[in-house]
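Since the structure comes first, as structure tokens, the remarks are kept for the end.
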Amino acid sequence: MKLLTLVSATVLALSLSSGAYAFDEDAAKKLAKSNDCFKCHAIDKTKKGPSYKKIAAKYKGKAAEGETKMMKNITTGPTVKLEDGTEEEHKVIDTKDQKELKNLIDWILAQ
Amino acid sequence: MKLSRYAAFLWCVLVGAAGIGSVAQAAGVTPGVAKPAASDKDLILKGDAKCTGCHDEADEPTGRATMLELNPGVLAIATTRHGVKGDSRTPSCVNCHGDSEKHVGHKGKGKPPAPDRSFRKATETPAVERNDACLTCHKGDQRTHWEGSQHANNDVACNSCHKIHGEHDKVRNKKTQAEVCFTCHKAERTQTHRVSTHPLAAGKMACSDCHNLHGSAGPKMLKKNTLNETCFTCHAEKRGPFLWEHQPVAEDCSSCHTPHGSNISPLLKSRAPFMCSECHDGPHNSKAPYGPVAAGNQAGFTGTNPTENAGGRGCMNCHSMIHGSNHPAGALLHR
């Protein structure tokens, strides 16, 4: 009985953890590409903006905060600080589809 | 003794440390100062960081293989001769695209303005201006007659045919060149699919074997000054000089032949005897005369059944040396 409980708990935990970052990578990359996100961001190197790995590390364990911050950046286009210290307005993603935006954010957070 | 050894060791350590420090300083590595961002480094060409800071491997169109393999992105220039760093003549991005300060300095939302010289399909950069970028280096030789050539006059730009950032420039490959030319020259594409044609589809010939696409002093952008001169580069046996000439052969191959394709082999404009009778419309010397062609009948054919020496006969069955003869008795090009 104890073993069954333990296995069930493990399966549940695994399914929940994978569900937190369930995303469509191709769709996320396509959206990022079509909106020129990769002109300033790369997955693993610093360009004008921080790498997605750096962003993911920054919000590790603080996914909700990261999601809020990123959603604000890609929907309202606030002034952001670049890696070289200068500032400019962040690009607004050209879609109103919340699912697409969430998918992109989840993909970034999973880097 | 021990003390002096210890002193020498200490001196070595101090000098060594100082040396390492100076080397580090010379290399521009200052403790406590962050390394430059990856986008500050040139990736391929000298000074390309200005462009590759944004246009890196991510420029590859979505859903394709990596840019160095198939679809050329900006960095694929490394796979071409324009990416040979060891050659001092190799240009950098700005040599072709211009300084493009407005493009580089763009900040914030929206698309940046196009570079000073853009080579995209929907570019606003005129063909002449785009071509200037190439002709700065690629002038003279085969391109001496570019100015005033049919291609130049019709606003064809170098990048209309050439792929600069790709390893495989289709137009420079004999097997694939015709595909590029046929994009515009559709009539010629159709003709090459006829029964008799030059071996373009087999990849044994390319359009550029006869034409100089960069301009020439000859007609139809032919490589040589005349059509015959161009044909004779391969068909040398028809050049002569002959003891007995067939005048149209010496004058113009296209009197009888069409270059791109025909359903009458070998590349003939019409079938014998009809084609021959266009000039030789008098009575034939064998047996009975043909009859009056001036009446509008080909080769004297007037009824439902052709005569034995009229319609349907192959002139070249007897006149086999149609391009000219060197036989003492070859006046009629029989031998």
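Residue numbering restarts at 1 in every chain; chains get A, B, ... in the order shown in the structure tokens, and ligands count up from 1 in that same order.
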
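Residues of chain A lying within 8 Å of chain B, counting only C-alpha atoms, are Lys29, Lys30, Lys33, Phe38, Lys39, Cys40, Ala42, Lys45, Thr46, Lys47, Lys48, Gly77, Glu83, Glu88, Glu89, His90, Lys91 and Val92 of chain A.
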
Preceding selection exported with N, CA and C atoms as a short mmCIF file (atom, residue, chain, number, x, y, z; two decimals), in the first residue's frame:
```cif
data_model
loop_
_atom_site.label_atom_id
_atom_site.label_comp_id
_atom_site.auth_asym_id
_atom_site.auth_seq_id
_atom_site.Cartn_x
_atom_site.Cartn_y
_atom_site.Cartn_z
N LYS A 29 9.42 29.15 -31.37
CA LYS A 29 10.54 29.64 -32.18
C LYS A 29 10.03 30.38 -33.41
N LYS A 30 8.96 29.87 -33.98
CA LYS A 30 8.39 30.49 -35.17
C LYS A 30 7.88 31.90 -34.84
N LYS A 33 10.83 34.12 -34.17
CA LYS A 33 11.52 34.40 -35.44
C LYS A 33 10.77 35.45 -36.26
N PHE A 38 14.99 37.17 -32.28
CA PHE A 38 16.36 36.66 -32.32
C PHE A 38 17.38 37.68 -32.81
N LYS A 39 16.89 38.85 -33.24
CA LYS A 39 17.83 39.91 -33.61
C LYS A 39 18.53 40.44 -32.36
N CYS A 40 17.82 40.41 -31.23
CA CYS A 40 18.40 40.94 -29.98
C CYS A 40 18.67 39.84 -28.94
N ALA A 42 19.43 35.67 -28.10
CA ALA A 42 19.79 34.34 -28.59
C ALA A 42 19.49 33.36 -27.46
N LYS A 45 23.58 32.94 -26.02
CA LYS A 45 24.65 33.94 -26.04
C LYS A 45 24.07 35.34 -25.90
N THR A 46 24.89 36.21 -25.40
CA THR A 46 24.43 37.56 -25.15
C THR A 46 24.49 38.38 -26.43
N LYS A 47 23.36 38.95 -26.79
CA LYS A 47 23.36 39.89 -27.91
C LYS A 47 23.01 41.25 -27.33
N LYS A 48 22.18 42.00 -28.03
CA LYS A 48 21.78 43.30 -27.46
C LYS A 48 21.02 43.08 -26.15
N GLY A 77 5.59 46.85 -24.43
CA GLY A 77 6.78 47.50 -24.97
C GLY A 77 7.36 48.59 -24.09
N GLU A 83 22.06 45.11 -22.70
CA GLU A 83 23.27 44.55 -22.09
C GLU A 83 24.42 45.55 -22.06
N GLU A 88 16.25 51.07 -24.56
CA GLU A 88 15.34 51.27 -25.69
C GLU A 88 14.04 50.54 -25.43
N GLU A 89 13.04 50.89 -26.25
CA GLU A 89 11.73 50.28 -26.05
C GLU A 89 11.75 48.82 -26.50
N HIS A 90 11.13 47.98 -25.70
CA HIS A 90 11.07 46.57 -26.07
C HIS A 90 10.07 46.38 -27.19
N LYS A 91 10.35 45.44 -28.03
CA LYS A 91 9.45 45.13 -29.16
C LYS A 91 8.16 44.49 -28.65
N VAL A 92 7.05 44.86 -29.26
CA VAL A 92 5.77 44.23 -28.92
C VAL A 92 5.51 43.11 -29.92
#
```

Any idea what's packed within 12 Å of stretch 218-227 of chain B, counting only C-alpha atoms, ignoring anything in its chain fewer than 5 positions away? Could you give it as a PyMOL selection string?
chain B and resi 142-143+145-146+148-152+207-213+232-233+235+239+249-255+257-259

Taking the chain letters and numbering used in this document, name the residues of chain A that DSSP puts in strand (DSSP E), as a PyMOL selection string.
chain A and resi 79-81+87-89

Proximity to B:Val171 - best of B:Thr183, B:Ser92, B:Ser216, B:Ser196, only C-alpha atoms:
B:Thr183

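Residues in contact range of A:Ile108, defined as at most 10 Å between only C-alpha atoms, with sequence neighbours fewer than 2 positions away removed, read Tyr21, Phe23, Glu25, Ala28, Lys29, Ile43, Ser51, Tyr52, Lys53, Lys54, Ile55, Ala56, Gly66, Glu67, Met70, Lys102, Asn103, Leu104, Ile105, Asp106, Ala110 and Gln111 of chain A.
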
Selected residues written out with N, CA, C and O atoms, as a compact mmCIF listing (two decimals), in the first residue's frame:
```txt
# COMPACT_ATOMS: atom_id res chain seq x y z
N TYR A 21 5.76 23.51 -17.74
CA TYR A 21 6.45 24.06 -18.91
C TYR A 21 6.04 23.32 -20.18
O TYR A 21 6.83 23.05 -21.04
N PHE A 23 5.03 23.18 -23.57
CA PHE A 23 5.03 24.21 -24.63
C PHE A 23 5.32 23.55 -25.96
O PHE A 23 5.81 22.42 -26.03
N GLU A 25 7.65 23.93 -28.84
CA GLU A 25 8.92 24.61 -29.14
C GLU A 25 8.93 25.22 -30.54
O GLU A 25 9.35 26.35 -30.73
N ALA A 28 6.84 28.30 -30.66
CA ALA A 28 7.48 29.40 -29.93
C ALA A 28 8.60 30.00 -30.77
O ALA A 28 8.71 31.23 -30.90
N LYS A 29 9.42 29.15 -31.37
CA LYS A 29 10.54 29.64 -32.18
C LYS A 29 10.03 30.38 -33.41
O LYS A 29 10.59 31.40 -33.81
N ILE A 43 19.51 32.11 -27.77
CA ILE A 43 19.20 31.13 -26.72
C ILE A 43 20.32 31.07 -25.69
O ILE A 43 20.08 31.10 -24.49
N SER A 51 20.49 36.54 -23.00
CA SER A 51 20.15 35.27 -23.63
C SER A 51 18.94 34.68 -22.91
O SER A 51 18.65 35.02 -21.76
N TYR A 52 18.25 33.79 -23.61
CA TYR A 52 17.07 33.17 -22.99
C TYR A 52 17.48 32.28 -21.82
O TYR A 52 16.73 32.13 -20.87
N LYS A 53 18.67 31.73 -21.90
CA LYS A 53 19.14 30.91 -20.79
C LYS A 53 19.32 31.78 -19.53
O LYS A 53 19.00 31.37 -18.43
N LYS A 54 19.84 32.99 -19.78
CA LYS A 54 20.06 33.91 -18.65
C LYS A 54 18.73 34.33 -18.04
O LYS A 54 18.59 34.40 -16.81
N ILE A 55 17.76 34.58 -18.91
CA ILE A 55 16.44 34.97 -18.41
C ILE A 55 15.82 33.82 -17.61
O ILE A 55 15.27 34.02 -16.53
N ALA A 56 15.96 32.60 -18.18
CA ALA A 56 15.38 31.44 -17.49
C ALA A 56 16.04 31.23 -16.13
O ALA A 56 15.36 30.92 -15.14
N GLY A 66 8.46 35.82 -13.50
CA GLY A 66 9.05 35.89 -14.84
C GLY A 66 8.00 36.02 -15.92
O GLY A 66 8.12 36.81 -16.85
N GLU A 67 6.93 35.28 -15.74
CA GLU A 67 5.87 35.30 -16.74
C GLU A 67 5.21 36.67 -16.81
O GLU A 67 4.97 37.21 -17.89
N MET A 70 7.73 39.16 -18.39
CA MET A 70 7.90 38.94 -19.84
C MET A 70 6.64 39.32 -20.60
O MET A 70 6.70 39.91 -21.68
N LYS A 102 1.82 32.91 -24.17
CA LYS A 102 2.14 32.06 -23.01
C LYS A 102 3.10 30.94 -23.44
O LYS A 102 4.04 30.61 -22.71
N ASN A 103 2.84 30.41 -24.60
CA ASN A 103 3.69 29.33 -25.12
C ASN A 103 5.13 29.83 -25.29
O ASN A 103 6.10 29.15 -24.94
N LEU A 104 5.25 31.05 -25.82
CA LEU A 104 6.58 31.64 -26.02
C LEU A 104 7.28 31.83 -24.67
O LEU A 104 8.46 31.49 -24.51
N ILE A 105 6.56 32.37 -23.72
CA ILE A 105 7.14 32.62 -22.40
C ILE A 105 7.55 31.31 -21.73
O ILE A 105 8.64 31.20 -21.15
N ASP A 106 6.69 30.32 -21.83
CA ASP A 106 7.02 29.01 -21.24
C ASP A 106 8.27 28.43 -21.87
O ASP A 106 9.11 27.83 -21.19
N ALA A 110 11.90 27.68 -20.00
CA ALA A 110 12.40 26.30 -19.96
C ALA A 110 13.82 26.17 -20.49
O ALA A 110 14.36 25.06 -20.55
N GLN A 111 14.44 27.27 -20.87
CA GLN A 111 15.78 27.18 -21.45
C GLN A 111 16.84 26.91 -20.38
O GLN A 111 16.67 27.26 -19.25
```

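Excluding B:Gly261 itself and same-chain residues fewer than 3 positions from it, the residues having an atom within 6 Å of it are Gln191, Thr192, Arg194, Ser196, Thr197 and Leu267 of chain B, counting only C-alpha atoms.
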
Once you have the residues from the selection above, write them out as a PDB file, in the first residue's frame, restricted to N, CA, C and O atoms.
```
ATOM      1  N   GLN B 191      11.385  25.406 -75.811  1.00  0.00           N
ATOM      2  CA  GLN B 191      12.101  24.888 -76.981  1.00  0.00           C
ATOM      3  C   GLN B 191      13.098  23.786 -76.604  1.00  0.00           C
ATOM      4  O   GLN B 191      13.290  22.834 -77.360  1.00  0.00           O
ATOM      5  N   THR B 192      13.693  23.916 -75.432  1.00  0.00           N
ATOM      6  CA  THR B 192      14.692  22.905 -75.055  1.00  0.00           C
ATOM      7  C   THR B 192      14.056  21.563 -74.704  1.00  0.00           C
ATOM      8  O   THR B 192      14.757  20.576 -74.495  1.00  0.00           O
ATOM      9  N   ARG B 194      11.996  20.118 -76.726  1.00  0.00           N
ATOM     10  CA  ARG B 194      11.628  19.476 -77.978  1.00  0.00           C
ATOM     11  C   ARG B 194      12.569  18.302 -78.280  1.00  0.00           C
ATOM     12  O   ARG B 194      13.588  18.120 -77.609  1.00  0.00           O
ATOM     13  N   SER B 196      14.697  17.581 -80.675  1.00  0.00           N
ATOM     14  CA  SER B 196      16.088  17.885 -80.998  1.00  0.00           C
ATOM     15  C   SER B 196      16.504  19.160 -80.271  1.00  0.00           C
ATOM     16  O   SER B 196      15.869  20.201 -80.422  1.00  0.00           O
ATOM     17  N   THR B 197      17.522  19.053 -79.465  1.00  0.00           N
ATOM     18  CA  THR B 197      17.953  20.225 -78.684  1.00  0.00           C
ATOM     19  C   THR B 197      19.414  20.077 -78.283  1.00  0.00           C
ATOM     20  O   THR B 197      20.002  19.007 -78.426  1.00  0.00           O
ATOM     21  N   LEU B 267      17.852  20.059 -85.085  1.00  0.00           N
ATOM     22  CA  LEU B 267      17.553  21.469 -84.792  1.00  0.00           C
ATOM     23  C   LEU B 267      17.185  22.268 -86.053  1.00  0.00           C
ATOM     24  O   LEU B 267      17.594  23.414 -86.206  1.00  0.00           O
TER      25      LEU B 267
END
```

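Distance-wise, atom CA of B:Ile164 and atom CA of B:Val74 end up 9.5 Å apart.
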